[in-house]
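Peer 1: Next comes the structure file protein_3.csv, holding CSV, C-alpha atoms.
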```csv
chain,number,residue,atom,x,y,z
A,1,ALA,CA,17.7,15.4,-24.0
A,2,LEU,CA,17.4,17.4,-20.8
A,3,GLU,CA,15.7,14.5,-19.0
A,4,GLU,CA,18.4,12.1,-20.1
A,5,ALA,CA,21.2,14.4,-19.1
A,6,ALA,CA,19.6,15.1,-15.6
A,7,ALA,CA,19.2,11.3,-15.0
A,8,ARG,CA,22.8,10.7,-16.1
A,9,VAL,CA,24.6,13.3,-14.0
A,10,ALA,CA,22.3,13.2,-10.9
A,11,PRO,CA,24.4,10.5,-9.2
A,12,GLU,CA,27.5,12.8,-9.3
A,13,MET,CA,25.8,16.0,-8.2
A,14,ASP,CA,26.9,17.9,-5.1
A,15,PRO,CA,24.3,19.6,-2.8
A,16,ALA,CA,24.3,22.9,-4.7
A,17,ALA,CA,24.0,21.1,-8.1
A,18,VAL,CA,21.0,19.1,-6.9
A,19,ALA,CA,19.2,22.3,-5.6
A,20,ASN,CA,20.1,24.2,-8.7
A,21,ILE,CA,18.9,21.7,-11.2
A,22,VAL,CA,15.6,21.1,-9.4
A,23,TRP,CA,15.2,24.9,-9.0
A,24,ALA,CA,15.9,25.3,-12.8
A,25,TYR,CA,13.2,22.8,-13.7
A,26,ALA,CA,10.8,24.8,-11.5
A,27,ALA,CA,11.9,28.1,-13.1
A,28,MET,CA,11.1,26.6,-16.5
A,29,GLY,CA,7.7,25.4,-15.2
A,30,ARG,CA,8.6,21.9,-16.3
A,31,ALA,CA,8.6,19.0,-13.9
A,32,PRO,CA,11.2,16.2,-14.6
A,33,GLU,CA,9.5,12.9,-15.5
A,34,GLY,CA,10.3,9.2,-15.0
A,35,ALA,CA,14.0,8.4,-14.7
A,36,ALA,CA,15.0,12.0,-14.3
A,37,TRP,CA,12.6,12.6,-11.4
A,38,GLN,CA,13.7,9.3,-9.7
A,39,ALA,CA,17.4,10.2,-10.2
A,40,LEU,CA,16.9,13.7,-8.8
A,41,GLU,CA,15.0,12.4,-5.8
A,42,GLN,CA,17.8,9.9,-5.1
A,43,ALA,CA,20.3,12.8,-5.3
A,44,VAL,CA,18.2,14.7,-2.8
A,45,VAL,CA,18.3,11.8,-0.4
A,46,ARG,CA,22.0,11.4,-0.8
A,47,GLN,CA,22.9,15.1,-0.6
A,48,ALA,CA,20.3,16.6,1.8
A,49,PRO,CA,22.5,15.9,4.8
A,50,ARG,CA,25.2,18.2,3.3
A,51,MET,CA,22.8,20.9,2.0
A,52,ASP,CA,23.2,24.4,3.4
A,53,PRO,CA,20.2,26.7,4.2
A,54,GLN,CA,20.1,28.1,0.6
A,55,ASN,CA,20.2,24.6,-0.9
A,56,VAL,CA,17.4,23.3,1.3
A,57,ALA,CA,15.2,26.4,0.7
A,58,ASN,CA,15.7,26.2,-3.1
A,59,THR,CA,15.0,22.5,-3.3
A,60,VAL,CA,11.8,22.6,-1.1
A,61,TYR,CA,10.7,25.7,-3.1
A,62,ALA,CA,11.2,24.0,-6.4
A,63,VAL,CA,9.3,20.9,-5.3
A,64,ALA,CA,6.4,23.0,-4.2
A,65,LYS,CA,6.5,25.2,-7.3
A,66,LEU,CA,6.4,22.0,-9.5
A,67,GLY,CA,3.5,20.8,-7.4
A,68,ARG,CA,5.1,17.4,-7.0
A,69,GLU,CA,4.8,15.4,-3.8
A,70,PRO,CA,8.3,14.0,-3.1
A,71,GLY,CA,8.7,10.3,-2.3
A,72,ALA,CA,8.9,9.3,1.3
A,73,GLN,CA,12.7,9.1,1.4
A,74,ALA,CA,13.2,12.4,-0.3
A,75,TRP,CA,10.6,14.0,1.9
A,76,ALA,CA,12.3,12.6,5.1
A,77,ALA,CA,15.7,13.8,3.8
A,78,LEU,CA,14.4,17.4,3.2
A,79,ASP,CA,12.6,17.4,6.6
A,80,ALA,CA,15.8,16.4,8.4
A,81,ALA,CA,17.9,18.9,6.4
A,82,ALA,CA,15.4,21.8,7.1
A,83,ALA,CA,15.4,20.9,10.8
A,84,ARG,CA,19.2,20.9,10.9
A,85,VAL,CA,19.6,24.3,9.1
A,86,ALA,CA,16.6,26.2,10.4
A,87,PRO,CA,18.5,28.1,13.0
A,88,GLU,CA,21.0,29.3,10.3
A,89,MET,CA,18.4,30.3,7.8
A,90,ASN,CA,18.1,33.9,6.8
A,91,ALA,CA,14.7,35.6,6.2
A,92,GLN,CA,14.5,34.7,2.5
A,93,ASN,CA,15.3,31.0,3.2
A,94,LEU,CA,12.7,30.8,6.0
A,95,ALA,CA,10.0,32.6,4.0
A,96,ASN,CA,10.5,30.4,1.0
A,97,THR,CA,10.7,27.2,3.0
A,98,LEU,CA,7.7,27.9,5.1
A,99,TRP,CA,5.7,29.0,2.1
A,100,SER,CA,6.8,25.8,0.2
A,101,PHE,CA,5.9,23.3,2.9
A,102,LEU,CA,2.5,25.1,3.5
A,103,SER,CA,1.8,25.2,-0.3
A,104,LEU,CA,2.3,21.5,-0.6
A,105,ALA,CA,0.1,20.9,2.4
A,106,ALA,CA,-2.7,23.2,1.1
A,107,THR,CA,-2.6,22.1,-2.5
A,108,ARG,CA,-1.4,18.5,-2.4
A,109,GLY,CA,-2.5,17.4,1.0
A,110,VAL,CA,1.1,16.6,2.0
A,111,PRO,CA,1.4,16.5,5.8
A,112,LEU,CA,3.5,19.2,7.3
A,113,PRO,CA,7.0,17.9,8.1
A,114,ALA,CA,8.3,17.4,11.7
A,115,CYS,CA,10.7,20.4,11.1
A,116,TYR,CA,7.8,22.8,10.6
A,117,PRO,CA,7.7,24.2,14.2
A,118,SER,CA,11.4,24.8,14.2
A,119,LEU,CA,11.1,26.9,11.0
A,120,TRP,CA,8.4,29.0,12.7
A,121,ARG,CA,10.5,29.4,15.8
A,122,ALA,CA,13.4,30.6,13.7
A,123,ALA,CA,11.1,32.9,11.8
A,124,CYS,CA,9.7,34.4,15.0
A,125,GLY,CA,13.3,35.1,16.1
A,126,LEU,CA,14.1,37.2,13.0
A,127,ASP,CA,15.0,40.8,13.3
A,128,THR,CA,12.1,42.5,11.4
A,129,HIS,CA,14.7,44.8,9.8
A,130,SER,CA,16.2,41.8,8.1
A,131,LEU,CA,13.0,41.2,6.0
A,132,LEU,CA,12.7,42.7,2.6
A,133,ASP,CA,9.2,43.4,1.2
A,134,VAL,CA,9.2,40.2,-0.8
A,135,ASN,CA,10.1,38.3,2.4
A,136,TRP,CA,7.2,40.0,4.2
A,137,CYS,CA,4.8,39.0,1.4
A,138,SER,CA,6.0,35.3,1.5
A,139,MET,CA,5.9,35.2,5.4
A,140,PHE,CA,2.4,36.8,5.4
A,141,HIS,CA,1.2,34.3,2.8
A,142,ALA,CA,2.7,31.4,4.9
A,143,TYR,CA,0.9,32.9,7.9
A,144,LEU,CA,-2.4,32.9,6.1
A,145,ILE,CA,-2.1,29.4,4.8
A,146,HIS,CA,-1.0,28.1,8.3
A,147,THR,CA,-4.0,29.8,9.9
A,148,GLU,CA,-6.4,28.4,7.4
A,149,LEU,CA,-5.0,24.9,7.6
A,150,LEU,CA,-4.5,24.7,11.4
A,151,GLY,CA,-7.3,27.0,12.5
A,152,ARG,CA,-4.9,29.2,14.6
A,153,PRO,CA,-2.0,31.5,13.9
A,154,PRO,CA,1.6,30.1,14.2
A,155,SER,CA,3.6,30.9,17.3
A,156,SER,CA,7.1,30.5,18.4
A,157,SER,CA,6.0,27.8,20.9
A,158,SER,CA,4.2,25.6,18.3
A,159,THR,CA,4.8,21.9,18.8
A,160,SER,CA,5.3,19.3,16.1
A,161,SER,CA,2.4,17.2,17.2
A,162,SER,CA,-0.1,20.0,16.8
A,163,SER,CA,1.5,21.3,13.6
A,164,SER,CA,2.4,18.2,11.6
A,165,SER,CA,-1.1,16.9,10.8
A,166,GLY,CA,-1.7,19.3,7.9
A,167,GLY,CA,-5.3,19.6,9.0
A,168,LYS,CA,-7.3,21.8,11.3
A,169,SER,CA,-7.0,21.0,15.0
```
Would you kindly transcribe this structure into structure tokens?
Peer 2:
Amino acid sequence: ALEEAAARVAPEMDPAAVANIVWAYAAMGRAPEGAAWQALEQAVVRQAPRMDPQNVANTVYAVAKLGREPGAQAWAALDAAAARVAPEMNAQNLANTLWSFLSLAATRGVPLPACYPSLWRAACGLDTHSLLDVNWCSMFHAYLIHTELLGRPPSSSSTSSSSSSGGKS
């Protein structure tokens, strides 16, 4: 019933609803299947240009938590949305988004998106007082995954060509 309802209402969802329903699936530890997944991916493509930083972070986090590699259009839409909102992201949004992209790269072999360097630049510009302990943990985990995948620590001057391969350079 949940799958049918998600597929039925996905075309009418606003950006927050898309992020919330995908996040809810991840919180349940249950990935949507078939028509529901397709409808939600199409909703991501349609709504990502209007997502705010929280919507982007929640959607990317949910996809990573579900261990699902998004389709090319959904991935491109999330990449563009993350690039657009990166300068506005707070510490929690940045920590979750960085961890999510890195988790997908490390566990599913998904290439890092083009927005990846802009996320690190924004993270490097954070006031350390704005980070809660949980944000520190997520950032440190992202730092460790990045260093393992790319063979060097992240920096505020990272370039997309050196960071987007998902493999060691």
Peer 1: Quick one: of A:Asn58, A:Ser100, A:Gln92, A:Thr107, who's nearest to Trp136 of chain A, counting all atoms listed in the file?
Peer 2: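 So, comparing all the options, the nearest one is A:Gln92.
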Peer 1: One decimal, Å: what's the distance from atom CA of Ala24 of chain A over to atom CA of Cys124 of chain A, could you say?
Peer 2: 29.9 Å
Peer 1: Go through A:Val110, A:Leu102, A:Ala31, A:Leu126 and flag the residue nearest His146 of chain A, using all atoms listed in the file for the distances.
Peer 2: A:Leu102
Peer 1: Would you list the residues near (24.2, 27.7, -0.1), meaning any protein, DNA or RNA residue with an atom at most 12 Å from that point in file coordinates, counting all atoms listed in the file, as a PDB file with C-alpha atoms, keeping the file's coordinate frame?
Peer 2:
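Output file out-v6.pdb is given in full below:
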```pdb
ATOM      1  CA  ASP A  14      26.900  17.900  -5.100  1.00  0.00           C
ATOM      2  CA  PRO A  15      24.300  19.600  -2.800  1.00  0.00           C
ATOM      3  CA  ALA A  16      24.300  22.900  -4.700  1.00  0.00           C
ATOM      4  CA  ALA A  17      24.000  21.100  -8.100  1.00  0.00           C
ATOM      5  CA  VAL A  18      21.000  19.100  -6.900  1.00  0.00           C
ATOM      6  CA  ALA A  19      19.200  22.300  -5.600  1.00  0.00           C
ATOM      7  CA  ASN A  20      20.100  24.200  -8.700  1.00  0.00           C
ATOM      8  CA  ALA A  48      20.300  16.600   1.800  1.00  0.00           C
ATOM      9  CA  ARG A  50      25.200  18.200   3.300  1.00  0.00           C
ATOM     10  CA  MET A  51      22.800  20.900   2.000  1.00  0.00           C
ATOM     11  CA  ASP A  52      23.200  24.400   3.400  1.00  0.00           C
ATOM     12  CA  PRO A  53      20.200  26.700   4.200  1.00  0.00           C
ATOM     13  CA  GLN A  54      20.100  28.100   0.600  1.00  0.00           C
ATOM     14  CA  ASN A  55      20.200  24.600  -0.900  1.00  0.00           C
ATOM     15  CA  VAL A  56      17.400  23.300   1.300  1.00  0.00           C
ATOM     16  CA  ALA A  57      15.200  26.400   0.700  1.00  0.00           C
ATOM     17  CA  ASN A  58      15.700  26.200  -3.100  1.00  0.00           C
ATOM     18  CA  THR A  59      15.000  22.500  -3.300  1.00  0.00           C
ATOM     19  CA  VAL A  85      19.600  24.300   9.100  1.00  0.00           C
ATOM     20  CA  GLU A  88      21.000  29.300  10.300  1.00  0.00           C
ATOM     21  CA  MET A  89      18.400  30.300   7.800  1.00  0.00           C
ATOM     22  CA  ASN A  90      18.100  33.900   6.800  1.00  0.00           C
ATOM     23  CA  ASN A  93      15.300  31.000   3.200  1.00  0.00           C
TER      24      ASN A  93
END
```
Peer 1: Would you work out the distance separating atom CA of Ala122 of chain A from atom CA of Ala106 of chain A, expressed in Å to one decimal?
Peer 2: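 Atom CA of Ala106 of chain A lies at a distance of 21.7 Å from atom CA of Ala122 of chain A.
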Peer 1: In terms of the shortest atom-to-atom distance over all atoms listed in the file, which of A:Met13, A:Ala36, A:Met28, A:Ala80 is closest to Ala1 of chain A?
Peer 2: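 Smallest separation from Ala1 of chain A among the options: A:Ala36.
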Peer 1: One number please: atom CA of Glu3 of chain A to atom CA of Gln47 of chain A, in Å, one decimal.
Peer 2: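 So the answer is 19.8 Å.
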Peer 1: Listing only residues of segment 18-92 of chain A within 10 Å of segment 4-8 of chain A, what is the closest atom pair and its distance in Å (to one decimal) for each, using only C-alpha atoms, sorted by chain and residue number ascending, as JSON lines?
Peer 2:
```
{"residue": "A:Val18", "atom": "CA", "partner": "A:Ala6", "partner_atom": "CA", "distance": 9.7}
{"residue": "A:Ile21", "atom": "CA", "partner": "A:Ala6", "partner_atom": "CA", "distance": 8.0}
{"residue": "A:Val22", "atom": "CA", "partner": "A:Ala6", "partner_atom": "CA", "distance": 9.5}
{"residue": "A:Pro32", "atom": "CA", "partner": "A:Ala6", "partner_atom": "CA", "distance": 8.5}
{"residue": "A:Glu33", "atom": "CA", "partner": "A:Ala7", "partner_atom": "CA", "distance": 9.8}
{"residue": "A:Gly34", "atom": "CA", "partner": "A:Ala7", "partner_atom": "CA", "distance": 9.1}
{"residue": "A:Ala35", "atom": "CA", "partner": "A:Ala7", "partner_atom": "CA", "distance": 6.0}
{"residue": "A:Ala36", "atom": "CA", "partner": "A:Ala7", "partner_atom": "CA", "distance": 4.3}
{"residue": "A:Trp37", "atom": "CA", "partner": "A:Ala7", "partner_atom": "CA", "distance": 7.6}
{"residue": "A:Gln38", "atom": "CA", "partner": "A:Ala7", "partner_atom": "CA", "distance": 7.9}
{"residue": "A:Ala39", "atom": "CA", "partner": "A:Ala7", "partner_atom": "CA", "distance": 5.2}
{"residue": "A:Leu40", "atom": "CA", "partner": "A:Ala7", "partner_atom": "CA", "distance": 7.0}
{"residue": "A:Ala43", "atom": "CA", "partner": "A:Ala7", "partner_atom": "CA", "distance": 9.9}
```
Peer 1: Calculated over all atoms listed in the file, which of the candidates A:Pro87, A:Ala81, A:Thr128, A:Trp75 has the smallest distance to Pro111 of chain A?
Peer 2: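 When distances to Pro111 of chain A are compared using all atoms listed in the file, the smallest one comes from A:Trp75.
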Peer 1: Could you pull segment 3-14 of chain A out of the block above and save it with N, CA, C and O atoms, as a CSV table (one decimal), in the first residue's frame?
Peer 2:
```csv
chain,number,residue,atom,x,y,z
A,3,GLU,N,3.9,1.6,-1.2
A,3,GLU,CA,4.5,1.8,-2.5
A,3,GLU,C,3.6,2.4,-3.5
A,3,GLU,O,3.9,3.3,-4.2
A,4,GLU,N,2.3,1.9,-3.5
A,4,GLU,CA,1.3,2.4,-4.4
A,4,GLU,C,1.0,3.9,-4.1
A,4,GLU,O,0.9,4.7,-5.0
A,5,ALA,N,0.9,4.2,-2.8
A,5,ALA,CA,0.6,5.6,-2.4
A,5,ALA,C,1.7,6.5,-2.8
A,5,ALA,O,1.5,7.6,-3.3
A,6,ALA,N,3.0,6.1,-2.6
A,6,ALA,CA,4.1,6.9,-3.0
A,6,ALA,C,4.2,7.2,-4.5
A,6,ALA,O,4.4,8.3,-4.9
A,7,ALA,N,3.9,6.1,-5.3
A,7,ALA,CA,3.9,6.3,-6.7
A,7,ALA,C,2.8,7.2,-7.2
A,7,ALA,O,3.0,8.0,-8.1
A,8,ARG,N,1.6,7.1,-6.5
A,8,ARG,CA,0.5,7.9,-6.9
A,8,ARG,C,0.7,9.4,-6.6
A,8,ARG,O,0.3,10.3,-7.4
A,9,VAL,N,1.2,9.7,-5.4
A,9,VAL,CA,1.3,11.2,-5.0
A,9,VAL,C,2.6,11.8,-5.4
A,9,VAL,O,2.7,13.0,-5.4
A,10,ALA,N,3.6,11.1,-5.8
A,10,ALA,CA,4.9,11.6,-6.2
A,10,ALA,C,4.8,12.8,-7.3
A,10,ALA,O,5.5,13.8,-7.1
A,11,PRO,N,4.0,12.6,-8.3
A,11,PRO,CA,3.9,13.7,-9.3
A,11,PRO,C,3.5,15.0,-8.7
A,11,PRO,O,3.7,16.1,-9.3
A,12,GLU,N,2.8,15.0,-7.6
A,12,GLU,CA,2.2,16.3,-7.0
A,12,GLU,C,3.1,16.8,-5.9
A,12,GLU,O,2.8,17.8,-5.3
A,13,MET,N,4.2,16.1,-5.5
A,13,MET,CA,5.0,16.5,-4.4
A,13,MET,C,5.8,17.8,-4.6
A,13,MET,O,6.2,18.0,-5.7
A,14,ASP,N,5.9,18.6,-3.6
A,14,ASP,CA,6.7,19.8,-3.6
A,14,ASP,C,8.1,19.3,-3.1
A,14,ASP,O,8.3,18.2,-2.7
```
